[in-house]
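To start, the structure under review is shown below, and the notes come after it.
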Amino acid sequence: MTDDSHDRTGAVDFVEGRVATAPVDPEPFLLKIEAAEPGLRLDRWISANHTRLTDELERHGALLFRGFALDSPEDFGAAARAFSPELLDYLERAAPRTEIADKVFTSTELSEDQWIAFHHEMSYSHNWPGRLYFYGDRPSKTGGATPVASERAVYAKIPAELRERFRRHGVSYVRNYSPDLDIPWQVVFQTEDRAEVEAYCRESRTEFEWIGRDGLRTRAVRQAVSRHPGTGETVWFNHAHLWHISTLPAEVAEYLLDEYGPEGVPRNAFYGDGSPIEDDAVELIGELYKEAAVSLPWERGDVLVVDNFLATHAREPFHGDRRILVAMSDLHVNQDIR
């Protein structure tokens, strides 16, 4: 098959079952792979085409599987494990989730009227998954898509001076965990034992302090950019545009700052030296991701595989019943902070 064969839809030379493929965005980005015959089990089909699919994921940043035989969270877990046998737990959580099957979780359980901004999964942490898997278990009738955006498209448009400023300083994340402000630390770290939390923080070079009866504040300086372990590409890789206080509604941000101060709000992001990140820099990054967004409505049984370095993902608001499941694999540890 020649390189230009992805520029049109048609049956291609995968093995064990015919499929049709086409990139959704001409970069090329987000390759849609649709079963062209009924009854193809996704886990078996991925296993039979594993090497080819790994190459396609690095080329396109994300793969959407549609029309395959896939009927349950367990089937989804099997398909994800066909890509990577060892799925990951979800520690140092930034959002509430429920485990539905072994290492298969609900996607972020946030109010349906809220937009979740584009982000790389766990880029605020010292380690993160290299691959993400999403499953359209119960798509909503209205909205609720999981848009993706190519990091290749976004990184090139970030002004060089801004890239260098972030690269030089990194990003400092301050989080306050409490039942009143944000997720309790017991949920985030999946333990009731303070000693376990302290050991995790020391291991990950995260500053911590216990506040009041049951509060915890952490500070961690993390990378602003990262390098893809396979392709060697440099990518924008941080949560600054997601956690910065300016991204909250103005009246909410004003109240929180007045009540708790910049380091007492639930989450905030600073340059790594502690200086404030400019509001307009945060706004620019968010707009660049929106401009690069590619969005397809979920269909029942869809599986979206995302290279967590090469693509960011978001969530559109929705109405009605919706359950999108997620799994993670290929743990990457940032050796620069250890």
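So you can find residues: chains in the structure tokens are A, B, ... in the order shown, residues in each start at 1, and ligands are numbered from 1 in order.
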Show me, as a Markdown table, the residues of stretch 94-183 of chain A having an atom within 10 Å of stretch 320-323 of chain A, each with the closest atom pair and its distance in Å, using only C-alpha atoms.
| residue | atom | partner | partner_atom | distance |
| --- | --- | --- | --- | --- |
| A:Thr106 | CA | A:Arg323 | CA | 6.9 |
| A:Ser107 | CA | A:Arg323 | CA | 7.5 |
| A:Thr108 | CA | A:Arg323 | CA | 9.8 |
| A:Glu109 | CA | A:Arg323 | CA | 9.3 |
| A:Glu112 | CA | A:Gly320 | CA | 8.4 |
| A:Tyr135 | CA | A:Arg323 | CA | 8.6 |
| A:Gly136 | CA | A:Arg323 | CA | 7.1 |
| A:Asp137 | CA | A:Arg323 | CA | 5.7 |
| A:Arg138 | CA | A:Arg323 | CA | 4.8 |
| A:Pro139 | CA | A:Arg322 | CA | 5.1 |
| A:Ser140 | CA | A:Arg322 | CA | 4.5 |
| A:Lys141 | CA | A:Gly320 | CA | 6.3 |
| A:Thr142 | CA | A:Gly320 | CA | 7.0 |
| A:Gly143 | CA | A:Gly320 | CA | 9.0 |
| A:Gly144 | CA | A:Arg322 | CA | 7.5 |
Distance table requested - stretch 84-161 of chain A against stretch 216-231 of chain A, cut-off 8 Å, only C-alpha atoms: one row per qualifying residue with the closest atom pair and its distance in Å to one decimal, ordered by chain and rising residue number, as JSON lines.
{"residue": "A:Tyr124", "atom": "CA", "partner": "A:Arg222", "partner_atom": "CA", "distance": 6.5}
{"residue": "A:Ser125", "atom": "CA", "partner": "A:Arg222", "partner_atom": "CA", "distance": 7.1}
{"residue": "A:His126", "atom": "CA", "partner": "A:Arg222", "partner_atom": "CA", "distance": 6.9}
Self-check item: Using only C-alpha atoms: which of A:Leu132, A:Leu53, A:Ala78, A:Ile211 has the shortest distance to A:Tyr90
Solution: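 Of all the options, A:Leu132 lies closest to A:Tyr90.
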Quiz item: Which residues in stretch 79-292 of chain A does DSSP call helix (DSSP H, G or I)? List them as a VMD selection string.
Solution: chain A and resid 79 to 83 151 to 155 160 to 169 185 to 188 194 to 203 240 to 243 245 to 247 250 to 260 279 to 291
Exercise. Using backbone DSSP assignments, extract all strand (DSSP E or B) residues from stretch 148-332 of chain A; output them as a PyMOL selection string.
Key: chain A and resi 148-150+171-177+207-211+215-222+225-227+234-236+267-271+276+293-294+303-307+311-315+318-319+323-332
Quiz item: Hey, what's within 10 Å of stretch 54-56 of chain A if we count only C-alpha atoms and toss same-chain stuff fewer than 3 positions away? As number ranges by chain, please?
Solution: A: 29-31, 46, 49-51, 59-63, 83, 230, 307
Export, as a PDB file, in the first residue's frame, the selected residues with N, CA and C atoms.
ATOM      1  N   PHE A  29      -4.714  13.197  10.518  1.00  0.00           N
ATOM      2  CA  PHE A  29      -4.968  13.080  11.947  1.00  0.00           C
ATOM      3  C   PHE A  29      -6.273  12.323  12.155  1.00  0.00           C
ATOM      4  N   LEU A  30      -6.296  11.489  13.188  1.00  0.00           N
ATOM      5  CA  LEU A  30      -7.450  10.680  13.571  1.00  0.00           C
ATOM      6  C   LEU A  30      -7.895   9.776  12.424  1.00  0.00           C
ATOM      7  N   LEU A  31      -7.301   8.609  12.365  1.00  0.00           N
ATOM      8  CA  LEU A  31      -7.653   7.627  11.346  1.00  0.00           C
ATOM      9  C   LEU A  31      -8.890   6.847  11.786  1.00  0.00           C
ATOM     10  N   ILE A  46      -7.287  -6.419  16.494  1.00  0.00           N
ATOM     11  CA  ILE A  46      -6.131  -5.616  16.908  1.00  0.00           C
ATOM     12  C   ILE A  46      -4.906  -6.495  17.062  1.00  0.00           C
ATOM     13  N   ASN A  49      -3.299  -7.315  13.842  1.00  0.00           N
ATOM     14  CA  ASN A  49      -2.750  -6.166  13.115  1.00  0.00           C
ATOM     15  C   ASN A  49      -1.922  -5.251  14.014  1.00  0.00           C
ATOM     16  N   HIS A  50      -1.376  -5.784  15.086  1.00  0.00           N
ATOM     17  CA  HIS A  50      -0.806  -4.966  16.141  1.00  0.00           C
ATOM     18  C   HIS A  50       0.323  -4.061  15.638  1.00  0.00           C
ATOM     19  N   THR A  51       1.280  -4.610  14.915  1.00  0.00           N
ATOM     20  CA  THR A  51       2.412  -3.810  14.457  1.00  0.00           C
ATOM     21  C   THR A  51       1.958  -2.689  13.544  1.00  0.00           C
ATOM     22  N   ARG A  59       1.461   7.707  13.428  1.00  0.00           N
ATOM     23  CA  ARG A  59       1.307   8.582  12.268  1.00  0.00           C
ATOM     24  C   ARG A  59       0.129   9.525  12.429  1.00  0.00           C
ATOM     25  N   HIS A  60      -0.996   9.028  12.930  1.00  0.00           N
ATOM     26  CA  HIS A  60      -2.238   9.805  12.967  1.00  0.00           C
ATOM     27  C   HIS A  60      -2.574  10.375  14.343  1.00  0.00           C
ATOM     28  N   GLY A  61      -1.903   9.923  15.389  1.00  0.00           N
ATOM     29  CA  GLY A  61      -2.154  10.458  16.724  1.00  0.00           C
ATOM     30  C   GLY A  61      -3.346   9.865  17.433  1.00  0.00           C
ATOM     31  N   ALA A  62      -4.342   9.380  16.680  1.00  0.00           N
ATOM     32  CA  ALA A  62      -5.541   8.795  17.267  1.00  0.00           C
ATOM     33  C   ALA A  62      -6.196   7.883  16.232  1.00  0.00           C
ATOM     34  N   LEU A  63      -6.857   6.817  16.726  1.00  0.00           N
ATOM     35  CA  LEU A  63      -7.553   5.866  15.871  1.00  0.00           C
ATOM     36  C   LEU A  63      -8.984   5.706  16.386  1.00  0.00           C
ATOM     37  N   PHE A  83      -3.893  -4.053  22.529  1.00  0.00           N
ATOM     38  CA  PHE A  83      -2.881  -3.044  22.225  1.00  0.00           C
ATOM     39  C   PHE A  83      -1.730  -3.135  23.223  1.00  0.00           C
ATOM     40  N   GLY A 230       8.621   7.357  21.130  1.00  0.00           N
ATOM     41  CA  GLY A 230       8.815   6.625  19.898  1.00  0.00           C
ATOM     42  C   GLY A 230       9.328   7.472  18.757  1.00  0.00           C
ATOM     43  N   ASP A 307      -2.963   8.494  21.281  1.00  0.00           N
ATOM     44  CA  ASP A 307      -1.590   8.636  21.731  1.00  0.00           C
ATOM     45  C   ASP A 307      -1.547   9.878  22.618  1.00  0.00           C
TER      46      ASP A 307
END
Quiz prompt | Spatial neighbours of A:Glu263, 10 Å, only C-alpha atoms, chain gap at least 6 places, as a list in words | solution =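 Those residues are Tyr173, Val174, Arg175, Asn176, Arg217, Thr218, Arg219, Leu257, Ala269 and Phe270 of chain A.
Among the candidate residues A:Arg152, A:Lys290, A:Arg300, A:Arg205, the one lying nearest to A:Arg66 is A:Arg300, with distances computed using only C-alpha atoms.
Neighbouring residues of stretch 189-200 of chain A at 10 Å or closer, counting only C-alpha atoms and skipping chain neighbours under 4 positions away, are Tyr90, Leu91, Glu92, Arg93, Ala94, Pro184, Trp185, Ser204, Arg205, Thr206, Glu207, Phe208, Glu209, Trp210 and Leu216 of chain A.
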Would you mind exporting C-alpha atoms of the selected residues as a PDB file, in the first residue's frame?
ATOM      1  CA  TYR A  90      -5.776   5.674  38.176  1.00  0.00           C
ATOM      2  CA  LEU A  91      -3.740   7.290  40.953  1.00  0.00           C
ATOM      3  CA  GLU A  92      -3.234  10.980  41.774  1.00  0.00           C
ATOM      4  CA  ARG A  93      -6.711  11.588  40.416  1.00  0.00           C
ATOM      5  CA  ALA A  94      -7.837  14.925  39.075  1.00  0.00           C
ATOM      6  CA  PRO A 184     -10.653  14.756  49.082  1.00  0.00           C
ATOM      7  CA  TRP A 185      -7.094  13.458  49.251  1.00  0.00           C
ATOM      8  CA  SER A 204       7.420  12.081  43.122  1.00  0.00           C
ATOM      9  CA  ARG A 205       9.167  15.202  44.458  1.00  0.00           C
ATOM     10  CA  THR A 206       5.909  16.820  45.454  1.00  0.00           C
ATOM     11  CA  GLU A 207       5.885  19.273  48.363  1.00  0.00           C
ATOM     12  CA  PHE A 208       3.003  18.735  50.781  1.00  0.00           C
ATOM     13  CA  GLU A 209       1.496  20.198  53.922  1.00  0.00           C
ATOM     14  CA  TRP A 210      -1.467  19.107  55.984  1.00  0.00           C
ATOM     15  CA  LEU A 216      -3.896  18.748  52.163  1.00  0.00           C
TER      16      LEU A 216
END
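Residue nearest A:Trp115, chosen from A:Thr98, A:Thr146, A:Thr21, A:Ser178 and counting only C-alpha atoms: A:Thr146.
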